[in-house]
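Visitor: Just passing along the structure, written as structure tokens.
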Amino acid sequence: MELNEFTLKEQLDGLRDSSFSSTELTQDYLKRIKAKDPSINSYITVTEELALKQAKKADDRYNKGQALALDGIPIAHKDIFCTEDVLTTCGSKMLSNFKAPYSSTVVSKLFDEGVVMLGKTNMDEFAMGSSNETSFFGEVKNPWNLDYVPGGSSGGSAACVSARLASAATATDTGGSIRQPAALCGLTGIKPTYGRVSRYGMIAFASSLDQGGVLTRTAEDAAILLASMSGHDPKDSTSLNIEVPNYTEEIGNNISGLKIGLPKEFFNQEIPDHVRKSTEEAIEVYKDLGAEIEEISFPNIDLSLPVYYVLAPAECSANLSRYDGVRYGYRCEEPKNLEDLYMRTRDEGFGPEVKRRILIGTYALSAGYYDAYYLKAQKCRRLIANDFTEAFKSVDVILSPTTPGTSFKAGEKINDPIDMYLQDIFTIPANLAGLPGISFPCGNHNGLPLGLQLVGNSLEEGKLLSAAHHFQTVTNWHKELPEF
């Protein structure tokens, strides 16, 4: 077995017992990136020199018996996390020349644990998209079939882990951007509770929805990486000052008696037969593991998509107003005056999907429409959150498909924004309620992976990781790798 075929946990074990060095592991990934990534375009920047320096330092610490928690593990960062002196583009022409002057808390925390950074991954522009086709740096391909999309916006992170071009990758989730690409690429992806992972240095899309997380091969790997990323950060006012549990211990917790809720509104959707079949088979697995299944109701769940596509554009229009060609980033050439500078910089620097959402958001926040759209959407958001609160009085986790189908062909939905937005129909509710959600492989259809989603109560990431881990101890879907 090649080094890149080992899970993160297996790589850690190998490094600790000196079966191989971090330098050997890092070189193996760098070699594979050079050979394979041109086909899928998962990286925007490869930091080869930095990675080898970090790997050597990790090897020195191992030799001295001073190894850190994640020492020598090569991962990739979504290009939304600021990284000091490294290009940080957010997949946009607007930031195509921006080298961050500081590192985000997520990057800093992982560096402090000894992680090796292989590079920065491609993504939908400013995290706006569900297919990774809106990036200024070109679309990303799905390693399972290069004619298909990897999902978005964290498609580059998902594709590189699926193609074994990194042991794991950081990602962000605003409406499903970790869980949806995890499902389409056959990975485990977790979005923690809002505030569990610091947003400092994570370029903002919709501040009340964005949350950092991870994409890995297994739930065990996700538990290891998430534990090192999480925790209170005084630099982020939304960061939760609550102790982080030991997720790697919690994944072993017995799930016999776990109460799993099935929202009847989700299962009344016109779900394709192969999605329904794989979900029903997963439910049977959980029954065999001792879980209890209960039907629940979310009377306001149909509001999720329209609410999200009012709130997220509204917040993005405010957050992206800072990109004006004055302080940093792209600037149009030879502006005639200040107004021309603003208008041409934003017109040339932003892509079509970003412009669409800025326009929608600005309209929703404008005088005369604020009460009719934004304020009403916030009230509906509370109704959706209340549905979850009511559900968790009787169940521990909520189960559904992650996506309404397998991956789709590149170009198939790019000109139909509504159809593209429907890809997030099962994932958006958790973001609106600020709850943790996880997706992991549960099947395969026509050579493309299918994902199962579990949503938990606030701060109960450990329960989700445990449920996913136990599923993976009795199934092999997470072990399947694309022939790439």
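The chains in the structure tokens are called A, B, ... from first to last as shown; in each chain the residues are counted from 1, and the ligands are counted from 1 in the order shown.
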Excluding Ile224 of chain A and residues on its chain fewer than 4 positions from it, collect all residues at most 8 Å away from it, counting only C-alpha atoms, and give them as a PyMOL selection string.

Guide: chain A and resi 9+220+228+247-248

Visitor: Using only N, CA and C atoms, please write the residues we just selected to a file, as a PDB file, in the first residue's frame.

Guide:
```pdb
ATOM      1  N   LYS A   9      -5.129   8.762  10.558  1.00  0.00           N
ATOM      2  CA  LYS A   9      -4.792   8.028  11.793  1.00  0.00           C
ATOM      3  C   LYS A   9      -3.673   7.031  11.528  1.00  0.00           C
ATOM      4  N   GLU A 220     -13.000   8.985  12.162  1.00  0.00           N
ATOM      5  CA  GLU A 220     -11.896   8.997  13.122  1.00  0.00           C
ATOM      6  C   GLU A 220     -10.898  10.089  12.765  1.00  0.00           C
ATOM      7  N   SER A 228      -8.106  19.635  17.083  1.00  0.00           N
ATOM      8  CA  SER A 228      -6.997  20.591  17.070  1.00  0.00           C
ATOM      9  C   SER A 228      -7.402  21.957  16.534  1.00  0.00           C
ATOM     10  N   TYR A 247     -12.747  14.454  21.154  1.00  0.00           N
ATOM     11  CA  TYR A 247     -13.547  13.769  20.140  1.00  0.00           C
ATOM     12  C   TYR A 247     -13.036  12.358  19.850  1.00  0.00           C
ATOM     13  N   THR A 248     -11.727  12.167  19.919  1.00  0.00           N
ATOM     14  CA  THR A 248     -11.183  10.841  19.602  1.00  0.00           C
ATOM     15  C   THR A 248     -11.586   9.804  20.644  1.00  0.00           C
TER      16      THR A 248
END
```

Visitor: Could you write out, as a list in words, all the residues of segment 167-381 of chain A that DSSP marks as strand (DSSP E)?

Guide: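 Listing strand (DSSP E) positions across segment 167-381 of chain A yields Ala169, Thr170, Ala171, Thr172, Asp173, Thr188, Gly189, Ile190, Lys191, Gln211, Gly212, Gly213, Val214, Leu215, Thr216, Lys259, Ile260, Gly261, Leu262, Pro263, Glu292, Ile293, Glu294, Glu295 and Ile296 of chain A.
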
Visitor: Go ahead and write the residues just picked, C-alpha atoms, as a compact mmCIF listing (two decimals), in the first residue's frame.

Guide:
```txt
# COMPACT_ATOMS: atom_id res chain seq x y z
CA ALA A 169 -8.18 19.36 4.13
CA THR A 170 -9.78 22.28 5.89
CA ALA A 171 -13.03 23.59 4.44
CA THR A 172 -15.92 25.94 5.20
CA ASP A 173 -19.67 25.45 5.22
CA THR A 188 -16.43 12.33 5.58
CA GLY A 189 -17.06 16.04 6.14
CA ILE A 190 -18.15 17.75 9.33
CA LYS A 191 -19.50 21.26 9.93
CA GLN A 211 -18.28 27.87 9.79
CA GLY A 212 -14.93 26.13 9.34
CA GLY A 213 -14.60 22.35 9.37
CA VAL A 214 -12.74 19.43 7.83
CA LEU A 215 -12.85 16.93 4.97
CA THR A 216 -11.26 13.56 5.68
CA LYS A 259 -32.52 7.91 18.89
CA ILE A 260 -32.44 8.85 15.22
CA GLY A 261 -35.11 11.14 13.80
CA LEU A 262 -36.32 10.93 10.20
CA PRO A 263 -37.95 14.20 9.05
CA GLU A 292 -33.92 3.57 17.60
CA ILE A 293 -35.67 5.16 14.61
CA GLU A 294 -38.47 7.71 14.97
CA GLU A 295 -40.34 9.80 12.42
CA ILE A 296 -40.34 13.51 13.22
```

Visitor: Given only C-alpha atoms as the basis, pick out the residue of A:Asp324, A:Phe81, A:Gly119, A:Ser366 nearest to Glu49 of chain A.

Guide: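 Between A:Asp324, A:Phe81, A:Gly119, A:Ser366, the residue approaching Glu49 of chain A most closely is A:Gly119.
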
Visitor: Out of A:Glu24, A:Asp419, A:Lys120, A:Thr402, which residue has the shortest atom-to-atom distance to Thr279 of chain A when counting only C-alpha atoms?

Guide: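 Of A:Glu24, A:Asp419, A:Lys120, A:Thr402, the one nearest Thr279 of chain A is A:Thr402, counting only C-alpha atoms.
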
Visitor: With only C-alpha atoms as the basis for distance, which of A:Tyr29, A:Tyr62, A:Trp144, A:Tyr43 is at the shortest distance from Arg16 of chain A?

Guide: A:Tyr62

Visitor: If you measure from atom CA of Leu146 of chain A to atom CA of Ser42 of chain A, what distance in Å do you get, rounded to one decimal?

Guide: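 One can read the atom CA of Leu146 of chain A to atom CA of Ser42 of chain A distance as 12.0 Å.
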
Visitor: Using only C-alpha atoms, pick whichever of A:Glu315, A:Asp424, A:Asp210, A:Glu333 has the shortest atom-to-atom distance to Ile360 of chain A.

Guide: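 So, comparing all the options, the nearest one is A:Glu315.
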
Visitor: Rank nothing, just name the residue among A:Ala67, A:Leu481, A:Cys316, A:Ala227 nearest to Ser208 of chain A, using only C-alpha atoms.

Guide: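 Residue with the minimum atom-to-atom distance to Ser208 of chain A: A:Cys316.
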
Visitor: Measuring atom to atom with only C-alpha atoms, identify which of A:Val115, A:Ala410, A:Ile242, A:Ala222 is nearest to Ala468 of chain A.

Guide: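 Ranked by minimum distance to Ala468 of chain A, first place goes to A:Ala222.
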